[in-house]
file upload_18.pdb (PDB, C-alpha atoms)
ATOM      1  CA  MET A 449       7.062   5.324  -3.164
ATOM      2  CA  THR A 450       3.412   5.228  -2.284
ATOM      3  CA  VAL A 451       1.570   1.967  -2.109
ATOM      4  CA  THR A 452      -1.907   2.708  -0.905
ATOM      5  CA  VAL A 453      -4.582   0.098  -1.009
ATOM      6  CA  SER A 454      -7.048   2.186   0.930
ATOM      7  CA  GLU A 455     -10.383   1.261   2.372
ATOM      8  CA  ARG A 456     -12.462   1.849  -0.723
ATOM      9  CA  THR A 457     -15.939   0.716  -1.462
ATOM     10  CA  PHE A 458     -16.326  -2.369  -3.610
ATOM     11  CA  LYS A 459     -18.112  -0.258  -6.243
ATOM     12  CA  ASN A 460     -15.239   2.267  -6.468
ATOM     13  CA  THR A 461     -12.684  -0.519  -6.815
ATOM     14  CA  LEU A 462     -14.825  -2.173  -9.482
ATOM     15  CA  ILE A 463     -15.076   1.127 -11.391
ATOM     16  CA  GLU A 464     -11.264   1.401 -11.441
ATOM     17  CA  ASP A 465     -10.966  -2.217 -12.608
ATOM     18  CA  VAL A 466     -13.483  -1.577 -15.419
ATOM     19  CA  ARG A 467     -11.509   1.523 -16.465
ATOM     20  CA  ALA A 468      -8.339  -0.579 -16.646
ATOM     21  CA  TYR A 469     -10.016  -2.542 -19.447
ATOM     22  CA  GLY A 470     -10.702   0.580 -21.512
ATOM     23  CA  ILE A 471     -14.321   1.329 -20.632
ATOM     24  CA  LYS A 472     -14.972   4.929 -19.642
ATOM     25  CA  VAL A 473     -17.116   5.114 -16.534
ATOM     26  CA  ALA A 474     -17.590   8.004 -14.125
ATOM     27  CA  ASN A 475     -17.329   7.704 -10.364
ATOM     28  CA  ASP A 476     -21.058   8.419 -10.090
ATOM     29  CA  THR A 477     -22.051   5.822 -12.703
ATOM     30  CA  PRO A 478     -25.417   4.286 -11.795
ATOM     31  CA  LEU A 479     -25.170   0.732 -10.519
ATOM     32  CA  ARG A 480     -27.267  -0.583 -13.417
ATOM     33  CA  THR A 481     -24.880   0.882 -16.017
ATOM     34  CA  LEU A 482     -21.853  -0.398 -14.121
ATOM     35  CA  ALA A 483     -23.431  -3.863 -13.926
ATOM     36  CA  LYS A 484     -23.936  -3.823 -17.709
ATOM     37  CA  HIS A 485     -20.240  -3.030 -18.271
ATOM     38  CA  VAL A 486     -19.157  -5.650 -15.733
ATOM     39  CA  LEU A 487     -21.338  -8.311 -17.356
ATOM     40  CA  HIS A 488     -19.918  -7.451 -20.794
ATOM     41  CA  LEU A 489     -16.353  -7.775 -19.485
ATOM     42  CA  LEU A 490     -17.124 -10.994 -17.591
ATOM     43  CA  VAL A 491     -18.287 -12.565 -20.847
ATOM     44  CA  PHE A 492     -15.660 -11.181 -23.225
ATOM     45  CA  SER A 493     -12.538 -10.615 -21.098
ATOM     46  CA  PRO A 494     -11.003 -13.558 -19.205
ATOM     47  CA  GLY A 495      -8.517 -11.176 -17.573
ATOM     48  CA  PHE A 496     -11.261  -8.993 -16.132
ATOM     49  CA  SER A 497     -13.199 -12.067 -15.055
ATOM     50  CA  CYS A 498     -10.129 -13.240 -13.137
ATOM     51  CA  VAL A 499      -9.801  -9.849 -11.393
ATOM     52  CA  PHE A 500     -13.533  -9.649 -10.624
ATOM     53  CA  TRP A 501     -13.656 -13.072  -8.979
ATOM     54  CA  TYR A 502     -10.481 -12.263  -7.002
ATOM     55  CA  ARG A 503     -12.282  -9.161  -5.660
ATOM     56  CA  ILE A 504     -15.364 -11.196  -4.694
ATOM     57  CA  ASN A 505     -13.107 -13.815  -3.097
ATOM     58  CA  ARG A 506     -11.227 -11.204  -1.050
ATOM     59  CA  MET A 507     -14.465  -9.545   0.042
ATOM     60  CA  LEU A 508     -15.840 -12.883   1.296
ATOM     61  CA  SER A 509     -12.670 -13.471   3.301
ATOM     62  CA  GLN A 510     -12.673  -9.965   4.788
ATOM     63  CA  ARG A 511     -16.279 -10.408   5.896
ATOM     64  CA  GLY A 512     -15.413 -13.616   7.743
ATOM     65  CA  TRP A 513     -16.810 -16.117   5.243
ATOM     66  CA  GLU A 514     -13.585 -18.130   5.174
ATOM     67  CA  ARG A 515     -15.105 -21.435   4.013
ATOM     68  CA  SER A 516     -16.800 -19.710   1.078
ATOM     69  CA  ALA A 517     -13.559 -17.870   0.314
ATOM     70  CA  LYS A 518     -11.569 -21.122   0.252
ATOM     71  CA  PHE A 519     -14.167 -22.778  -1.980
ATOM     72  CA  LEU A 520     -14.191 -19.854  -4.439
ATOM     73  CA  HIS A 521     -10.383 -19.781  -4.426
ATOM     74  CA  ALA A 522     -10.312 -23.440  -5.493
ATOM     75  CA  ARG A 523     -12.848 -22.728  -8.260
ATOM     76  CA  ARG A 524     -10.779 -19.772  -9.499
ATOM     77  CA  PHE A 525      -7.643 -21.932  -9.461
ATOM     78  CA  TYR A 526      -9.189 -24.411 -11.895
ATOM     79  CA  LYS A 527     -11.129 -21.912 -14.022
ATOM     80  CA  PHE A 528      -8.261 -19.510 -14.702
ATOM     81  CA  ALA A 529      -5.251 -21.847 -14.271
ATOM     82  CA  ASN A 530      -3.647 -19.423 -11.839
ATOM     83  CA  ASP A 531      -3.177 -19.026  -8.105
ATOM     84  CA  ILE A 532      -3.891 -15.468  -6.999
ATOM     85  CA  SER A 533      -4.349 -15.616  -3.245
ATOM     86  CA  TYR A 534      -7.369 -13.809  -1.874
ATOM     87  CA  ARG A 535      -5.116 -12.791   1.018
ATOM     88  CA  ALA A 536      -2.857 -10.796  -1.310
ATOM     89  CA  GLU A 537      -3.489  -7.068  -1.071
ATOM     90  CA  ILE A 538      -4.042  -5.700  -4.589
ATOM     91  CA  GLY A 539      -5.066  -2.124  -5.342
ATOM     92  CA  PRO A 540      -7.790  -0.989  -7.753
ATOM     93  CA  GLY A 541      -7.333  -0.723 -11.501
ATOM     94  CA  LEU A 542      -5.593  -4.089 -11.898
ATOM     95  CA  LYS A 543      -5.314  -5.322 -15.477
ATOM     96  CA  VAL A 544      -4.523  -8.985 -16.052
ATOM     97  CA  CYS A 545      -3.574  -9.772 -19.637
ATOM     98  CA  HIS A 546      -3.845 -13.525 -20.289
ATOM     99  CA  PRO A 547      -4.628 -14.843 -16.790
ATOM    100  CA  SER A 548      -3.001 -18.275 -17.032
ATOM    101  CA  ASP A 549      -0.015 -19.350 -14.917
ATOM    102  CA  ILE A 550      -0.065 -16.294 -12.632
ATOM    103  CA  VAL A 551       0.910 -16.889  -8.998
ATOM    104  CA  ILE A 552       0.501 -14.159  -6.383
ATOM    105  CA  GLY A 553       1.226 -15.259  -2.836
ATOM    106  CA  ALA A 554      -0.855 -14.504   0.238
ATOM    107  CA  ASN A 555       1.727 -12.114   1.602
ATOM    108  CA  ALA A 556       2.144  -9.956  -1.523
ATOM    109  CA  LYS A 557       1.164  -6.300  -1.658
ATOM    110  CA  ILE A 558       0.496  -4.761  -5.077
ATOM    111  CA  GLY A 559      -0.423  -1.117  -5.627
ATOM    112  CA  SER A 560      -2.997   0.467  -7.911
ATOM    113  CA  TYR A 561      -3.219   0.428 -11.723
ATOM    114  CA  CYS A 562      -0.734  -2.399 -12.262
ATOM    115  CA  LYS A 563      -0.591  -4.582 -15.364
ATOM    116  CA  ILE A 564       0.225  -8.290 -15.092
ATOM    117  CA  PHE A 565       0.872 -10.703 -17.959
ATOM    118  CA  SER A 566       0.783 -14.506 -18.004
ATOM    119  CA  GLY A 567       3.366 -16.522 -16.123
ATOM    120  CA  VAL A 568       4.099 -13.834 -13.511
ATOM    121  CA  THR A 569       4.995 -14.987  -9.997
ATOM    122  CA  VAL A 570       4.937 -12.625  -7.006
ATOM    123  CA  GLY A 571       5.818 -14.176  -3.669
ATOM    124  CA  THR A 572       8.466 -15.530  -1.340
ATOM    125  CA  LYS A 573      11.669 -17.310  -2.278
ATOM    126  CA  GLY A 574      10.857 -20.398  -0.238
ATOM    127  CA  GLU A 575       8.438 -22.012   2.146
ATOM    128  CA  HIS A 576      10.418 -20.911   5.220
ATOM    129  CA  GLU A 577      10.106 -17.226   4.323
ATOM    130  CA  SER A 578       6.331 -16.906   4.509
ATOM    131  CA  ASP A 579       6.512 -13.585   6.361
ATOM    132  CA  ILE A 580       8.857 -11.930   3.835
ATOM    133  CA  LYS A 581       6.677 -10.196   1.286
ATOM    134  CA  PRO A 582       7.343  -8.326  -1.932
ATOM    135  CA  THR A 583       5.822  -4.853  -2.159
ATOM    136  CA  ILE A 584       4.957  -3.565  -5.604
ATOM    137  CA  GLY A 585       4.159   0.099  -6.177
ATOM    138  CA  ASN A 586       1.529   1.762  -8.329
ATOM    139  CA  ARG A 587       1.422   1.604 -12.145
ATOM    140  CA  VAL A 588       3.963  -1.233 -12.358
ATOM    141  CA  TYR A 589       4.174  -3.345 -15.528
ATOM    142  CA  MET A 590       5.059  -7.005 -14.970
ATOM    143  CA  GLY A 591       6.003  -8.720 -18.238
ATOM    144  CA  VAL A 592       5.346 -12.293 -19.329
ATOM    145  CA  GLY A 593       7.022 -14.872 -17.110
ATOM    146  CA  SER A 594       8.643 -12.412 -14.719
ATOM    147  CA  LYS A 595       9.385 -13.677 -11.209
ATOM    148  CA  ILE A 596       9.314 -11.162  -8.349
ATOM    149  CA  LEU A 597      10.511 -12.929  -5.217
ATOM    150  CA  GLY A 598      11.472 -12.137  -1.638
ATOM    151  CA  GLY A 599      11.267  -9.090   0.589
ATOM    152  CA  ILE A 600      11.903  -6.594  -2.175
ATOM    153  CA  THR A 601      10.254  -3.338  -3.213
ATOM    154  CA  ILE A 602       9.325  -2.409  -6.767
ATOM    155  CA  GLY A 603       8.950   1.366  -7.102
ATOM    156  CA  ASP A 604       6.050   3.222  -8.690
ATOM    157  CA  GLY A 605       6.054   3.227 -12.485
ATOM    158  CA  ALA A 606       8.682   0.495 -12.793
ATOM    159  CA  ILE A 607       8.733  -1.928 -15.702
ATOM    160  CA  ILE A 608       9.720  -5.538 -15.093
ATOM    161  CA  GLY A 609      10.564  -7.086 -18.459
ATOM    162  CA  ALA A 610       9.531 -10.470 -19.766
ATOM    163  CA  LEU A 611      11.281 -13.482 -18.198
ATOM    164  CA  THR A 612      13.040 -11.324 -15.599
ATOM    165  CA  PHE A 613      14.126 -12.953 -12.349
ATOM    166  CA  CYS A 614      13.698 -10.070  -9.906
ATOM    167  CA  ASP A 615      15.167 -10.716  -6.460
ATOM    168  CA  LYS A 616      16.476  -7.191  -5.785
ATOM    169  CA  SER A 617      14.536  -3.981  -5.225
ATOM    170  CA  VAL A 618      13.828  -1.812  -8.275
ATOM    171  CA  PRO A 619      13.641   2.003  -7.904
ATOM    172  CA  GLU A 620      10.754   4.152  -9.118
ATOM    173  CA  ASN A 621      10.384   4.542 -12.892
ATOM    174  CA  ALA A 622      13.209   2.098 -13.613
ATOM    175  CA  VAL A 623      13.281  -0.728 -16.138
ATOM    176  CA  ALA A 624      14.447  -4.154 -14.953
ATOM    177  CA  TYR A 625      15.113  -6.983 -17.385
ATOM    178  CA  GLY A 626      17.030 -10.207 -17.881
ATOM    179  CA  ASN A 627      18.430 -13.034 -15.842
ATOM    180  CA  PRO A 628      20.642 -11.977 -14.140
ATOM    181  CA  MET A 629      18.588  -8.816 -13.729
ATOM    182  CA  VAL A 630      19.817  -5.506 -15.122
ATOM    183  CA  ILE A 631      18.268  -2.242 -13.872
ATOM    184  CA  LYS A 632      18.181   0.888 -16.039
ATOM    185  CA  GLU A 633      16.925   4.222 -14.749
ATOM    186  CA  LYS A 634      14.534   6.036 -17.091
TER     187      LYS A 634
END

call {"tool": "encode", "arguments": {"input": "upload_18.pdb", "output": "structure tokens"}}
result
Amino acid sequence: MTVTVSERTFKNTLIEDVRAYGIKVANDTPLRTLAKHVLHLLVFSPGFSCVFWYRINRMLSQRGWERSAKFLHARRFYKFANDISYRAEIGPGLKVCHPSDIVIGANAKIGSYCKIFSGVTVGTKGEHESDIKPTIGNRVYMGVGSKILGGITIGDGAIIGALTFCDKSVPENAVAYGNPMVIKEK
């Protein structure tokens, strides 16, 4: 399994996020054209808006502007009715479908090109396990209301079904569903 959230430029990450919402843009897209697409998505796609402001929030934190990052995090919490920590490491190409009720903890690591639906929780099992983080691979689908908790690994290309309580690792390209969770290999 490869989870690589590499040191990319903000523009390259933004291009991948725009592509996740169905807009075709090249890597060498002029900044003005990219800005036009971003503005369109900010107005008409709450999911993209949520991802965009997470990226800005994370960038502020990484550049040492912690007070600004905390302020923006609080604003995002109320605007989108979710709690995606700016300390979570999330790869490019993230698509958030219906951004309400999503919780992603500060210690989570999510790969590239993942799709997240409303009600998803990614984090620890309890307050005393703050150093135990879930690791989610690339191109993972997390269905409505799924809970991914503890020091587990979700393999590349896995599908976590709606309302699944996932507290065990899921191999690459597998489908996990139900409560208790059932894992089926593709």

call {"tool": "residues_around", "arguments": {"input": "upload_18.pdb", "residues": "His485 of chain A", "least_positions_apart": "3", "cutoff": "8 Å", "atoms": "all atoms listed in the file", "output": "list in words"}}
result
Val466, Ile471, Thr481, Leu482, His488 and Leu489 of chain A

call {"tool": "closest_residue", "arguments": {"input": "upload_18.pdb", "among": "A:Val588, A:Val544, A:Ala529, A:Ala536", "to": "Gln510 of chain A", "atoms": "only C-alpha atoms"}}
result
A:Ala536

call {"tool": "closest_residue", "arguments": {"input": "upload_18.pdb", "among": "A:Gly593, A:Gly599, A:Pro540, A:Gly585", "to": "Pro619 of chain A", "atoms": "only C-alpha atoms"}}
result
A:Gly585

call {"tool": "atom_distance", "arguments": {"input": "upload_18.pdb", "atom1": "atom CA of Pro582 of chain A", "atom2": "atom CA of Ala624 of chain A"}}
result
15.4 Å

call {"tool": "residues_around", "arguments": {"input": "upload_18.pdb", "residues": "Ser617 of chain A", "least_positions_apart": "6", "cutoff": "10 Å", "atoms": "all atoms listed in the file", "output": "list of chain:residue names"}}
result
A:Pro582, A:Thr583, A:Ile584, A:Ile596, A:Leu597, A:Gly598, A:Gly599, A:Ile600, A:Thr601, A:Ile602, A:Gly603, A:Ala624, A:Ile631

call {"tool": "closest_residue", "arguments": {"input": "upload_18.pdb", "among": "A:Phe492, A:Arg503, A:Leu520, A:Gly541", "to": "Ile463 of chain A", "atoms": "only C-alpha atoms"}}
result
A:Gly541

call {"tool": "closest_residue", "arguments": {"input": "upload_18.pdb", "among": "A:Ile552, A:Leu462, A:Ala606, A:Val630", "to": "Phe496 of chain A", "atoms": "all atoms listed in the file"}}
result
A:Leu462

call {"tool": "resolve_selection", "arguments": {"input": "upload_18.pdb", "expression": "the PyMOL selection byres ((chain A and resi 627) around 12)", "output": "JSON, numbers by chain"}}
result
{"A": [593, 594, 595, 596, 608, 609, 610, 611, 612, 613, 614, 615, 616, 624, 625, 626, 628, 629, 630, 631]}

call {"tool": "closest_residue", "arguments": {"input": "upload_18.pdb", "among": "A:Ala517, A:Ile504, A:Cys545, A:Cys498", "to": "Asp531 of chain A", "atoms": "only C-alpha atoms"}}
result
A:Cys498

call {"tool": "atom_distance", "arguments": {"input": "upload_18.pdb", "atom1": "atom CA of Leu542 of chain A", "atom2": "atom CA of Arg480 of chain A"}}
result
22.0 Å

call {"tool": "closest_residue", "arguments": {"input": "upload_18.pdb", "among": "A:Ile558, A:Val551, A:Val499, A:Val491", "to": "Gly539 of chain A", "atoms": "all atoms listed in the file"}}
result
A:Ile558

call {"tool": "resolve_selection", "arguments": {"input": "upload_18.pdb", "expression": "the PyMOL selection byres ((chain A and resi 622) around 6)", "output": "list in words"}}
result
Ala606, Pro619, Glu620, Asn621, Val623, Lys632, Glu633 and Lys634 of chain A

call {"tool": "atom_distance", "arguments": {"input": "upload_18.pdb", "atom1": "atom CA of Asn555 of chain A", "atom2": "atom CA of Phe519 of chain A"}}
result
19.5 Å

call {"tool": "resolve_selection", "arguments": {"input": "upload_18.pdb", "expression": "the PyMOL selection byres ((chain A and resi 587) around 8)", "output": "ChimeraX atom specification"}}
result
/A:559-563,585-586,588-589,604-606

call {"tool": "decode", "arguments": {"input": "upload_18.pdb", "residues": "segment 547-570 of chain A", "atoms": "C-alpha atoms", "output": "mmCIF file, in the first residue's frame"}}
result
data_model
loop_
_atom_site.group_PDB
_atom_site.id
_atom_site.type_symbol
_atom_site.label_atom_id
_atom_site.label_comp_id
_atom_site.auth_asym_id
_atom_site.auth_seq_id
_atom_site.Cartn_x
_atom_site.Cartn_y
_atom_site.Cartn_z
ATOM 1 C CA PRO A 547 -19.728 18.035 3.814
ATOM 2 C CA SER A 548 -21.909 17.956 6.932
ATOM 3 C CA ASP A 549 -21.132 15.826 10.000
ATOM 4 C CA ILE A 550 -17.657 14.763 8.836
ATOM 5 C CA VAL A 551 -15.017 14.363 11.553
ATOM 6 C CA ILE A 552 -11.364 13.782 10.672
ATOM 7 C CA GLY A 553 -9.009 13.812 13.633
ATOM 8 C CA ALA A 554 -5.674 15.595 13.855
ATOM 9 C CA ASN A 555 -3.745 12.354 13.732
ATOM 10 C CA ALA A 556 -5.402 10.879 10.622
ATOM 11 C CA LYS A 557 -3.537 10.252 7.386
ATOM 12 C CA ILE A 558 -5.573 9.998 4.178
ATOM 13 C CA GLY A 559 -4.078 9.294 0.758
ATOM 14 C CA SER A 560 -4.813 10.828 -2.626
ATOM 15 C CA TYR A 561 -8.043 10.793 -4.663
ATOM 16 C CA CYS A 562 -10.316 9.665 -1.831
ATOM 17 C CA LYS A 563 -14.068 10.230 -1.724
ATOM 18 C CA ILE A 564 -15.816 11.036 1.561
ATOM 19 C CA PHE A 565 -19.565 11.252 2.161
ATOM 20 C CA SER A 566 -21.481 12.899 5.005
ATOM 21 C CA GLY A 567 -21.305 11.508 8.514
ATOM 22 C CA VAL A 568 -17.863 9.906 8.102
ATOM 23 C CA THR A 569 -15.590 9.801 11.152
ATOM 24 C CA VAL A 570 -11.858 9.078 10.882
#
